[in-house]
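File shown: final_12.pdb (PDB, C-alpha atoms and all ligand atoms).
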```pdb
ATOM      1  CA  MET A   1      81.871  76.238  90.867  1.00  0.00           C
ATOM      2  CA  LYS A   2      82.009  77.869  94.281  1.00  0.00           C
ATOM      3  CA  ARG A   3      81.550  81.617  93.996  1.00  0.00           C
ATOM      4  CA  VAL A   4      84.088  83.723  95.857  1.00  0.00           C
ATOM      5  CA  ARG A   5      82.630  86.374  98.095  1.00  0.00           C
ATOM      6  CA  GLN A   6      83.968  89.865  97.930  1.00  0.00           C
ATOM      7  CA  ILE A   7      87.517  90.199  99.254  1.00  0.00           C
ATOM      8  CA  ARG A   8      87.498  92.112 102.523  1.00  0.00           C
ATOM      9  CA  ALA A   9      91.061  91.640 103.722  1.00  0.00           C
ATOM     10  CA  VAL A  10      94.523  91.026 102.299  1.00  0.00           C
ATOM     11  CA  LEU A  11      97.012  88.859 104.194  1.00  0.00           C
ATOM     12  CA  LEU A  12     100.604  89.074 103.027  1.00  0.00           C
ATOM     13  CA  ASP A  13     103.784  87.078 103.407  1.00  0.00           C
ATOM     14  CA  ILE A  14     106.852  89.238 104.180  1.00  0.00           C
ATOM     15  CA  ASP A  15     110.099  87.679 102.928  1.00  0.00           C
ATOM     16  CA  GLY A  16     110.272  87.797  99.149  1.00  0.00           C
ATOM     17  CA  THR A  17     106.851  89.464  99.031  1.00  0.00           C
ATOM     18  CA  LEU A  18     107.243  92.892 100.644  1.00  0.00           C
ATOM     19  CA  TYR A  19     110.916  93.049  99.658  1.00  0.00           C
ATOM     20  CA  HIS A  20     113.237  91.443  97.103  1.00  0.00           C
ATOM     21  CA  GLN A  21     114.689  88.491  98.979  1.00  0.00           C
ATOM     22  CA  GLN A  22     117.432  87.712  96.449  1.00  0.00           C
ATOM     23  CA  ALA A  23     118.807  91.239  96.792  1.00  0.00           C
ATOM     24  CA  LEU A  24     118.833  90.988 100.574  1.00  0.00           C
ATOM     25  CA  ARG A  25     120.441  87.558 100.425  1.00  0.00           C
ATOM     26  CA  GLY A  26     123.194  88.980  98.215  1.00  0.00           C
ATOM     27  CA  LEU A  27     123.899  91.752 100.721  1.00  0.00           C
ATOM     28  CA  MET A  28     123.908  89.290 103.627  1.00  0.00           C
ATOM     29  CA  ALA A  29     126.134  86.854 101.698  1.00  0.00           C
ATOM     30  CA  PHE A  30     128.668  89.655 101.388  1.00  0.00           C
ATOM     31  CA  GLU A  31     128.404  90.473 105.090  1.00  0.00           C
ATOM     32  CA  LEU A  32     128.800  86.799 105.965  1.00  0.00           C
ATOM     33  CA  SER A  33     131.846  86.545 103.728  1.00  0.00           C
ATOM     34  CA  THR A  34     133.507  89.216 105.855  1.00  0.00           C
ATOM     35  CA  ALA A  35     132.625  87.410 109.109  1.00  0.00           C
ATOM     36  CA  PRO A  36     136.192  86.068 109.633  1.00  0.00           C
ATOM     37  CA  PHE A  37     137.365  89.709 109.840  1.00  0.00           C
ATOM     38  CA  SER A  38     134.419  91.116 111.825  1.00  0.00           C
ATOM     39  CA  LEU A  39     134.569  88.206 114.278  1.00  0.00           C
ATOM     40  CA  GLY A  40     138.367  88.092 114.217  1.00  0.00           C
ATOM     41  CA  SER A  41     138.340  84.319 113.792  1.00  0.00           C
ATOM     42  CA  ILE A  42     138.014  81.981 110.825  1.00  0.00           C
ATOM     43  CA  ARG A  43     136.980  79.178 113.151  1.00  0.00           C
ATOM     44  CA  GLU A  44     134.167  81.247 114.655  1.00  0.00           C
ATOM     45  CA  ALA A  45     132.998  82.343 111.194  1.00  0.00           C
ATOM     46  CA  LEU A  46     132.917  78.717 110.017  1.00  0.00           C
ATOM     47  CA  GLY A  47     130.764  77.909 113.062  1.00  0.00           C
ATOM     48  CA  VAL A  48     128.324  80.703 112.168  1.00  0.00           C
ATOM     49  CA  TRP A  49     128.092  79.576 108.520  1.00  0.00           C
ATOM     50  CA  ARG A  50     127.450  75.980 109.532  1.00  0.00           C
ATOM     51  CA  ILE A  51     124.777  76.854 112.087  1.00  0.00           C
ATOM     52  CA  LEU A  52     122.926  79.138 109.649  1.00  0.00           C
ATOM     53  CA  LYS A  53     123.011  76.491 106.905  1.00  0.00           C
ATOM     54  CA  CYS A  54     121.656  73.818 109.275  1.00  0.00           C
ATOM     55  CA  PHE A  55     119.009  76.204 110.591  1.00  0.00           C
ATOM     56  CA  ARG A  56     117.671  76.930 107.096  1.00  0.00           C
ATOM     57  CA  GLU A  57     117.631  73.241 106.185  1.00  0.00           C
ATOM     58  CA  GLY A  58     116.011  72.325 109.505  1.00  0.00           C
ATOM     59  CA  ARG A  59     113.326  74.969 109.033  1.00  0.00           C
ATOM     60  CA  GLU A  60     112.375  73.504 105.660  1.00  0.00           C
ATOM     61  CA  SER A  61     112.138  69.984 107.137  1.00  0.00           C
ATOM     62  CA  LEU A  62     109.834  71.268 109.917  1.00  0.00           C
ATOM     63  CA  ARG A  63     107.314  72.372 107.299  1.00  0.00           C
ATOM     64  CA  ALA A  64     106.206  68.785 106.914  1.00  0.00           C
ATOM     65  CA  MET A  65     105.313  68.434 110.615  1.00  0.00           C
ATOM     66  CA  GLU A  66     101.573  67.956 110.853  1.00  0.00           C
ATOM     67  CA  ASP A  67     100.930  68.469 114.540  1.00  0.00           C
ATOM     68  CA  PRO A  68     104.109  69.055 116.551  1.00  0.00           C
ATOM     69  CA  ARG A  69     103.684  68.221 120.243  1.00  0.00           C
ATOM     70  CA  VAL A  70     106.498  70.580 121.141  1.00  0.00           C
ATOM     71  CA  SER A  71     106.945  74.256 120.450  1.00  0.00           C
ATOM     72  CA  LEU A  72     108.509  74.949 117.049  1.00  0.00           C
ATOM     73  CA  VAL A  73     110.329  77.914 118.600  1.00  0.00           C
ATOM     74  CA  SER A  74     112.518  75.603 120.678  1.00  0.00           C
ATOM     75  CA  LEU A  75     112.532  72.689 118.225  1.00  0.00           C
ATOM     76  CA  GLN A  76     114.015  74.817 115.422  1.00  0.00           C
ATOM     77  CA  TYR A  77     117.037  75.537 117.638  1.00  0.00           C
ATOM     78  CA  SER A  78     117.428  72.144 119.337  1.00  0.00           C
ATOM     79  CA  LEU A  79     117.501  70.284 115.990  1.00  0.00           C
ATOM     80  CA  VAL A  80     120.476  72.372 114.858  1.00  0.00           C
ATOM     81  CA  ALA A  81     122.182  72.176 118.261  1.00  0.00           C
ATOM     82  CA  GLU A  82     122.084  68.379 118.094  1.00  0.00           C
ATOM     83  CA  ARG A  83     123.553  68.343 114.604  1.00  0.00           C
ATOM     84  CA  VAL A  84     126.446  70.718 115.171  1.00  0.00           C
ATOM     85  CA  CYS A  85     127.129  69.831 118.827  1.00  0.00           C
ATOM     86  CA  VAL A  86     126.487  73.214 120.453  1.00  0.00           C
ATOM     87  CA  THR A  87     123.766  74.336 122.872  1.00  0.00           C
ATOM     88  CA  SER A  88     120.328  75.506 121.717  1.00  0.00           C
ATOM     89  CA  ARG A  89     121.078  78.867 123.299  1.00  0.00           C
ATOM     90  CA  GLU A  90     124.204  79.297 121.133  1.00  0.00           C
ATOM     91  CA  VAL A  91     122.181  78.503 117.994  1.00  0.00           C
ATOM     92  CA  GLU A  92     119.506  80.987 119.037  1.00  0.00           C
ATOM     93  CA  ILE A  93     122.054  83.773 119.634  1.00  0.00           C
ATOM     94  CA  ILE A  94     123.634  83.266 116.193  1.00  0.00           C
ATOM     95  CA  VAL A  95     120.287  83.033 114.367  1.00  0.00           C
ATOM     96  CA  ARG A  96     118.978  86.142 116.114  1.00  0.00           C
ATOM     97  CA  GLU A  97     122.122  88.081 115.213  1.00  0.00           C
ATOM     98  CA  TRP A  98     122.683  86.935 111.616  1.00  0.00           C
ATOM     99  CA  MET A  99     119.209  86.080 110.401  1.00  0.00           C
ATOM    100  CA  TYR A 100     117.028  88.494 112.342  1.00  0.00           C
ATOM    101  CA  ARG A 101     119.043  91.549 113.458  1.00  0.00           C
ATOM    102  CA  ARG A 102     121.704  92.165 110.816  1.00  0.00           C
ATOM    103  CA  PRO A 103     119.429  91.937 107.716  1.00  0.00           C
ATOM    104  CA  LEU A 104     117.051  94.577 109.150  1.00  0.00           C
ATOM    105  CA  LYS A 105     119.188  97.497 107.937  1.00  0.00           C
ATOM    106  CA  TYR A 106     118.885  96.296 104.307  1.00  0.00           C
ATOM    107  CA  LEU A 107     115.102  95.878 104.257  1.00  0.00           C
ATOM    108  CA  LYS A 108     114.165  99.378 103.182  1.00  0.00           C
ATOM    109  CA  ILE A 109     116.515  99.457 100.185  1.00  0.00           C
ATOM    110  CA  CYS A 110     115.273  96.002  99.103  1.00  0.00           C
ATOM    111  CA  ARG A 111     111.589  96.963  99.452  1.00  0.00           C
ATOM    112  CA  ARG A 112     109.422  96.196  96.426  1.00  0.00           C
ATOM    113  CA  ARG A 113     108.419  99.275  94.481  1.00  0.00           C
ATOM    114  CA  GLY A 114     104.765 100.191  94.948  1.00  0.00           C
ATOM    115  CA  MET A 115     104.436  98.516  98.352  1.00  0.00           C
ATOM    116  CA  VAL A 116     103.588 101.743 100.210  1.00  0.00           C
ATOM    117  CA  GLU A 117     101.050 102.754  97.539  1.00  0.00           C
ATOM    118  CA  PHE A 118      99.404  99.320  97.754  1.00  0.00           C
ATOM    119  CA  PHE A 119      98.829  99.613 101.507  1.00  0.00           C
ATOM    120  CA  GLN A 120      97.478 103.140 101.059  1.00  0.00           C
ATOM    121  CA  LEU A 121      95.099 101.988  98.321  1.00  0.00           C
ATOM    122  CA  ALA A 122      93.923  99.025 100.405  1.00  0.00           C
ATOM    123  CA  ALA A 123      93.197 101.378 103.329  1.00  0.00           C
ATOM    124  CA  GLU A 124      91.297 103.780 101.038  1.00  0.00           C
ATOM    125  CA  MET A 125      89.228 100.864  99.758  1.00  0.00           C
ATOM    126  CA  GLY A 126      88.376  99.851 103.325  1.00  0.00           C
ATOM    127  CA  LEU A 127      90.295  96.566 103.124  1.00  0.00           C
ATOM    128  CA  ARG A 128      91.911  95.191 106.223  1.00  0.00           C
ATOM    129  CA  THR A 129      95.559  94.233 105.832  1.00  0.00           C
ATOM    130  CA  GLY A 130      97.869  91.960 107.782  1.00  0.00           C
ATOM    131  CA  VAL A 131     100.893  89.702 107.532  1.00  0.00           C
ATOM    132  CA  PHE A 132     101.562  86.039 108.166  1.00  0.00           C
ATOM    133  CA  SER A 133     105.151  84.827 107.907  1.00  0.00           C
ATOM    134  CA  ASP A 134     107.149  81.841 109.134  1.00  0.00           C
ATOM    135  CA  TYR A 135     109.669  84.261 110.649  1.00  0.00           C
ATOM    136  CA  PRO A 136     109.224  86.992 113.324  1.00  0.00           C
ATOM    137  CA  VAL A 137     107.392  89.963 111.822  1.00  0.00           C
ATOM    138  CA  ARG A 138     107.422  92.957 114.194  1.00  0.00           C
ATOM    139  CA  GLU A 139     110.939  94.346 113.632  1.00  0.00           C
ATOM    140  CA  LYS A 140     110.781  93.759 109.871  1.00  0.00           C
ATOM    141  CA  LEU A 141     107.512  95.666 109.620  1.00  0.00           C
ATOM    142  CA  GLN A 142     109.020  98.604 111.493  1.00  0.00           C
ATOM    143  CA  GLU A 143     112.013  98.714 109.138  1.00  0.00           C
ATOM    144  CA  LEU A 144     109.898  98.343 105.996  1.00  0.00           C
ATOM    145  CA  GLY A 145     107.836 101.403 106.878  1.00  0.00           C
ATOM    146  CA  ILE A 146     104.302 100.126 106.293  1.00  0.00           C
ATOM    147  CA  PRO A 147     102.233 103.333 106.035  1.00  0.00           C
ATOM    148  CA  VAL A 148      99.029 102.015 107.639  1.00  0.00           C
ATOM    149  CA  PRO A 149      98.312 100.081 110.837  1.00  0.00           C
ATOM    150  CA  LEU A 150      98.057  96.326 110.253  1.00  0.00           C
ATOM    151  CA  THR A 151      95.281  94.531 112.091  1.00  0.00           C
ATOM    152  CA  VAL A 152      96.857  91.058 111.953  1.00  0.00           C
ATOM    153  CA  GLU A 153     100.564  90.328 112.517  1.00  0.00           C
ATOM    154  CA  LEU A 154     101.256  86.605 112.740  1.00  0.00           C
ATOM    155  CA  CYS A 155     104.288  84.340 112.789  1.00  0.00           C
ATOM    156  CA  GLY A 156     104.234  80.538 112.346  1.00  0.00           C
ATOM    157  CA  THR A 157     105.942  80.118 115.726  1.00  0.00           C
ATOM    158  CA  ASP A 158     103.212  82.036 117.600  1.00  0.00           C
ATOM    159  CA  PRO A 159     101.819  79.632 120.238  1.00  0.00           C
ATOM    160  CA  GLU A 160      98.304  79.840 118.741  1.00  0.00           C
ATOM    161  CA  ILE A 161      99.680  78.576 115.395  1.00  0.00           C
ATOM    162  CA  ASN A 162     102.862  76.531 115.997  1.00  0.00           C
ATOM    163  CA  ALA A 163     103.006  75.422 112.351  1.00  0.00           C
ATOM    164  CA  PHE A 164     104.932  76.586 109.340  1.00  0.00           C
ATOM    165  CA  LYS A 165     103.427  77.084 105.900  1.00  0.00           C
ATOM    166  CA  PRO A 166     102.013  75.310 103.933  1.00  0.00           C
ATOM    167  CA  ASN A 167     100.097  74.092 107.005  1.00  0.00           C
ATOM    168  CA  PRO A 168      96.813  76.069 106.802  1.00  0.00           C
ATOM    169  CA  LYS A 169      96.653  76.808 110.572  1.00  0.00           C
ATOM    170  CA  GLY A 170      98.192  80.288 110.370  1.00  0.00           C
ATOM    171  CA  PHE A 171      96.058  81.264 107.372  1.00  0.00           C
ATOM    172  CA  LEU A 172      92.908  80.135 109.158  1.00  0.00           C
ATOM    173  CA  TYR A 173      93.921  81.832 112.399  1.00  0.00           C
ATOM    174  CA  ALA A 174      94.159  85.161 110.543  1.00  0.00           C
ATOM    175  CA  CYS A 175      90.618  84.626 109.201  1.00  0.00           C
ATOM    176  CA  HIS A 176      89.464  83.810 112.729  1.00  0.00           C
ATOM    177  CA  LEU A 177      90.986  87.047 114.103  1.00  0.00           C
ATOM    178  CA  TRP A 178      89.323  89.062 111.346  1.00  0.00           C
ATOM    179  CA  ASN A 179      86.090  87.095 111.739  1.00  0.00           C
ATOM    180  CA  LEU A 180      86.027  86.503 107.977  1.00  0.00           C
ATOM    181  CA  ASP A 181      85.514  83.438 105.816  1.00  0.00           C
ATOM    182  CA  PRO A 182      88.717  82.240 104.094  1.00  0.00           C
ATOM    183  CA  GLY A 183      87.106  83.087 100.745  1.00  0.00           C
ATOM    184  CA  GLU A 184      87.002  86.735 101.785  1.00  0.00           C
ATOM    185  CA  VAL A 185      90.738  86.976 102.501  1.00  0.00           C
ATOM    186  CA  LEU A 186      93.282  87.256  99.678  1.00  0.00           C
ATOM    187  CA  TYR A 187      96.719  85.807 100.447  1.00  0.00           C
ATOM    188  CA  VAL A 188      99.795  87.264  98.770  1.00  0.00           C
ATOM    189  CA  GLY A 189     103.087  85.379  98.780  1.00  0.00           C
ATOM    190  CA  ASP A 190     106.117  84.500  96.683  1.00  0.00           C
ATOM    191  CA  ARG A 191     106.390  80.695  96.903  1.00  0.00           C
ATOM    192  CA  HIS A 192     104.055  78.287  95.198  1.00  0.00           C
ATOM    193  CA  ASP A 193     105.088  75.370  97.432  1.00  0.00           C
ATOM    194  CA  VAL A 194     104.329  77.113 100.723  1.00  0.00           C
ATOM    195  CA  ASP A 195     102.231  80.239 100.081  1.00  0.00           C
ATOM    196  CA  ALA A 196      99.977  79.015  97.287  1.00  0.00           C
ATOM    197  CA  CYS A 197      99.633  75.519  98.780  1.00  0.00           C
ATOM    198  CA  GLY A 198      98.883  76.873 102.269  1.00  0.00           C
ATOM    199  CA  ALA A 199      96.305  79.373 101.046  1.00  0.00           C
ATOM    200  CA  LYS A 200      94.717  76.709  98.859  1.00  0.00           C
ATOM    201  CA  ALA A 201      94.504  74.281 101.804  1.00  0.00           C
ATOM    202  CA  ALA A 202      92.804  77.020 103.840  1.00  0.00           C
ATOM    203  CA  GLY A 203      90.359  77.764 101.007  1.00  0.00           C
ATOM    204  CA  MET A 204      91.687  81.277 100.441  1.00  0.00           C
ATOM    205  CA  PRO A 205      92.133  83.017  97.094  1.00  0.00           C
ATOM    206  CA  TYR A 206      95.775  83.887  96.532  1.00  0.00           C
ATOM    207  CA  VAL A 207      98.274  85.550  94.233  1.00  0.00           C
ATOM    208  CA  ILE A 208     101.973  84.818  93.981  1.00  0.00           C
ATOM    209  CA  PHE A 209     104.772  87.218  93.075  1.00  0.00           C
ATOM    210  CA  SER A 210     106.614  85.686  90.200  1.00  0.00           C
ATOM    211  CA  ARG A 211     108.995  86.761  87.464  1.00  0.00           C
ATOM    212  CA  ARG A 212     106.711  85.063  85.008  1.00  0.00           C
ATOM    213  CA  THR A 213     103.987  87.146  83.419  1.00  0.00           C
ATOM    214  CA  SER A 214     100.587  87.272  85.011  1.00  0.00           C
ATOM    215  CA  ARG A 215      97.957  84.762  84.062  1.00  0.00           C
ATOM    216  CA  GLY A 216      95.287  87.053  85.433  1.00  0.00           C
ATOM    217  CA  PHE A 217      93.000  86.842  88.377  1.00  0.00           C
ATOM    218  CA  ASN A 218      89.767  84.951  88.211  1.00  0.00           C
ATOM    219  CA  ALA A 219      87.677  85.817  91.233  1.00  0.00           C
ATOM    220  CA  SER A 220      85.308  82.938  90.636  1.00  0.00           C
ATOM    221  CA  ALA A 221      87.972  80.244  90.979  1.00  0.00           C
ATOM    222  CA  THR A 222      89.533  79.891  94.413  1.00  0.00           C
ATOM    223  CA  THR A 223      92.357  77.519  93.596  1.00  0.00           C
ATOM    224  CA  GLU A 224      93.635  78.599  90.212  1.00  0.00           C
ATOM    225  CA  LEU A 225      97.302  79.513  89.825  1.00  0.00           C
ATOM    226  CA  ARG A 226      97.702  83.278  89.705  1.00  0.00           C
ATOM    227  CA  SER A 227     100.901  85.206  89.303  1.00  0.00           C
ATOM    228  CA  ILE A 228     101.681  88.890  89.612  1.00  0.00           C
ATOM    229  CA  THR A 229     104.998  90.554  88.878  1.00  0.00           C
ATOM    230  CA  ASN A 230     104.703  93.748  90.941  1.00  0.00           C
ATOM    231  CA  PHE A 231     102.502  95.665  93.368  1.00  0.00           C
ATOM    232  CA  ARG A 232     100.724  97.395  90.504  1.00  0.00           C
ATOM    233  CA  GLY A 233      99.478  93.942  89.502  1.00  0.00           C
ATOM    234  CA  LEU A 234      98.272  93.400  93.058  1.00  0.00           C
ATOM    235  CA  CYS A 235      96.404  96.723  92.982  1.00  0.00           C
ATOM    236  CA  ASP A 236      94.651  95.521  89.778  1.00  0.00           C
ATOM    237  CA  VAL A 237      93.753  92.275  91.555  1.00  0.00           C
ATOM    238  CA  ILE A 238      92.115  93.971  94.525  1.00  0.00           C
ATOM    239  CA  HIS A 239      90.259  96.351  92.202  1.00  0.00           C
ATOM    240  CA  SER A 240      88.805  93.390  90.314  1.00  0.00           C
ATOM    241  CA  ALA A 241      87.979  91.350  93.414  1.00  0.00           C
ATOM    242  CA  THR A 242      86.305  93.943  95.626  1.00  0.00           C
TER     243      THR A 242
HETATM  244 MG    MG B 301     108.181  84.399 101.242  1.00  0.00          MG
END
```

Now, as a test, write the supplied structure out as structure tokens.
Amino acid sequence: MKRVRQIRAVLLDIDGTLYHQQALRGLMAFELSTAPFSLGSIREALGVWRILKCFREGRESLRAMEDPRVSLVSLQYSLVAERVCVTSREVEIIVREWMYRRPLKYLKICRRRGMVEFFQLAAEMGLRTGVFSDYPVREKLQELGIPVPLTVELCGTDPEINAFKPNPKGFLYACHLWNLDPGEVLYVGDRHDVDACGAKAAGMPYVIFSRRTSRGFNASATTELRSITNFRGLCDVIHSAT
């Protein structure tokens, strides 16, 4: 069995990993339910709901794209525009407002407990930390209040990647930027189908936040299913793998 080298960096997903996504979705569902009043139009609110639903569905379908010849940034909007008969620009404006800007104010209250302490511990242990998400990362990181500087901040739509998880390109690009072997970078996510599969395809050890109890971390097996339930569990993982 291939022996894992010491972990020297931790790469994390953001949504559902650094904060509780279900809680944020609940808050946004409430805000969206009041859209007819805030927008002053039921028709306009229906348009927003439809565009957001199509955008989420379209995003999931783009995961299967192996090697897109066009930029995913524009494709994610044009696919929706075609379906709901509006312009790509209109889709982009609504997605930026309702999916990127408005949820920002809820991030801090939805933050997972122990997140700050984890980043502090990782810094004390000399581990490099970074994020790789399918969605834009900069504004979310500012709102979440990460206590240490991150050395890698990547999004699947960055031109150097142009692929959503579970495509391993983004995972491998992070390793390239850190000049580390994939076996030296631990990936932390919350979805088995995209985070675990992507990390596995890149040859990276990984752990997944799950409500199920932990099955432990075996540093000598790179592809075994591993679950953690909180950041304390992640701190135990990095202690055992460094
Ligand atoms: Mg996630």

How close does chain A get to ligand MG 301 (chain B)? List, as a tab-separated table, each residue of chain A within 9 Å, its nearest atom pair and the distance in Å to one decimal, counting all atoms listed in the file.
```
residue	atom	partner	partner_atom	distance
A:Asp13	CA	B:MG301	MG	5.6
A:Ile14	CA	B:MG301	MG	5.8
A:Asp15	CA	B:MG301	MG	4.2
A:Gly16	CA	B:MG301	MG	4.5
A:Thr17	CA	B:MG301	MG	5.7
A:Leu18	CA	B:MG301	MG	8.6
A:Gln21	CA	B:MG301	MG	8.0
A:Ser133	CA	B:MG301	MG	7.3
A:Asp134	CA	B:MG301	MG	8.4
A:Gly189	CA	B:MG301	MG	5.7
A:Asp190	CA	B:MG301	MG	5.0
A:Arg191	CA	B:MG301	MG	6.0
A:Val194	CA	B:MG301	MG	8.3
A:Asp195	CA	B:MG301	MG	7.4
```

So which one's closest to A:Leu32, A:Asp193, A:Asp67, A:Glu97, A:Glu82? Using all atoms listed in the file, please.
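Using all atoms listed in the file, the shortest distance to A:Leu32 belongs to A:Glu97.
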
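Separating atom CA of A:Arg50 from atom CA of A:Val86 is a distance of 11.3 Å.
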
Can you pull out every residue within 10 Å of stretch 168-171 of chain A, counting all atoms listed in the file, but drop anything in the same chain fewer than 6 positions away, and send it as a list in words?
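Near stretch 168-171 of chain A, the qualifying residues are Leu11, Val131, Phe132, Ser133, Asp134, Leu154, Cys155, Gly156, Thr157, Asp158, Glu160, Ile161, Asn162, Pro182, Val185, Tyr187, Val194, Asp195, Cys197, Gly198, Ala199, Lys200, Ala201, Ala202, Gly203 and Met204 of chain A.
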
Filtering to C-alpha atoms, could you give me those residues as a PDB file, in the coordinates of the input?
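Output file again-v7.pdb is given in full below:
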```pdb
ATOM      1  CA  LEU A  11      97.012  88.859 104.194  1.00  0.00           C
ATOM      2  CA  VAL A 131     100.893  89.702 107.532  1.00  0.00           C
ATOM      3  CA  PHE A 132     101.562  86.039 108.166  1.00  0.00           C
ATOM      4  CA  SER A 133     105.151  84.827 107.907  1.00  0.00           C
ATOM      5  CA  ASP A 134     107.149  81.841 109.134  1.00  0.00           C
ATOM      6  CA  LEU A 154     101.256  86.605 112.740  1.00  0.00           C
ATOM      7  CA  CYS A 155     104.288  84.340 112.789  1.00  0.00           C
ATOM      8  CA  GLY A 156     104.234  80.538 112.346  1.00  0.00           C
ATOM      9  CA  THR A 157     105.942  80.118 115.726  1.00  0.00           C
ATOM     10  CA  ASP A 158     103.212  82.036 117.600  1.00  0.00           C
ATOM     11  CA  GLU A 160      98.304  79.840 118.741  1.00  0.00           C
ATOM     12  CA  ILE A 161      99.680  78.576 115.395  1.00  0.00           C
ATOM     13  CA  ASN A 162     102.862  76.531 115.997  1.00  0.00           C
ATOM     14  CA  PRO A 182      88.717  82.240 104.094  1.00  0.00           C
ATOM     15  CA  VAL A 185      90.738  86.976 102.501  1.00  0.00           C
ATOM     16  CA  TYR A 187      96.719  85.807 100.447  1.00  0.00           C
ATOM     17  CA  VAL A 194     104.329  77.113 100.723  1.00  0.00           C
ATOM     18  CA  ASP A 195     102.231  80.239 100.081  1.00  0.00           C
ATOM     19  CA  CYS A 197      99.633  75.519  98.780  1.00  0.00           C
ATOM     20  CA  GLY A 198      98.883  76.873 102.269  1.00  0.00           C
ATOM     21  CA  ALA A 199      96.305  79.373 101.046  1.00  0.00           C
ATOM     22  CA  LYS A 200      94.717  76.709  98.859  1.00  0.00           C
ATOM     23  CA  ALA A 201      94.504  74.281 101.804  1.00  0.00           C
ATOM     24  CA  ALA A 202      92.804  77.020 103.840  1.00  0.00           C
ATOM     25  CA  GLY A 203      90.359  77.764 101.007  1.00  0.00           C
ATOM     26  CA  MET A 204      91.687  81.277 100.441  1.00  0.00           C
TER      27      MET A 204
END
```

I'd like to know which of A:Leu186, A:Ser74, A:Leu104, A:Glu92 is closest to A:Thr242, using all atoms listed in the file.
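Looking at the shortest contact to A:Thr242, the residue is A:Leu186.
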
Report, in Å to a single decimal, how far apart atom CA of A:His176 and atom CA of A:Arg112 are.
28.6 Å

Identify which of the residues A:Ala29, A:Val188, A:Ala196, A:Leu72 lies closest to A:Gly233, counting all atoms listed in the file when measuring atom-to-atom distances.
A:Val188

Point-to-point distance in Å for atom CA of A:Leu24 and atom CA of A:Ala122:
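Going from atom CA of A:Ala122 over to atom CA of A:Leu24 covers 26.2 Å.
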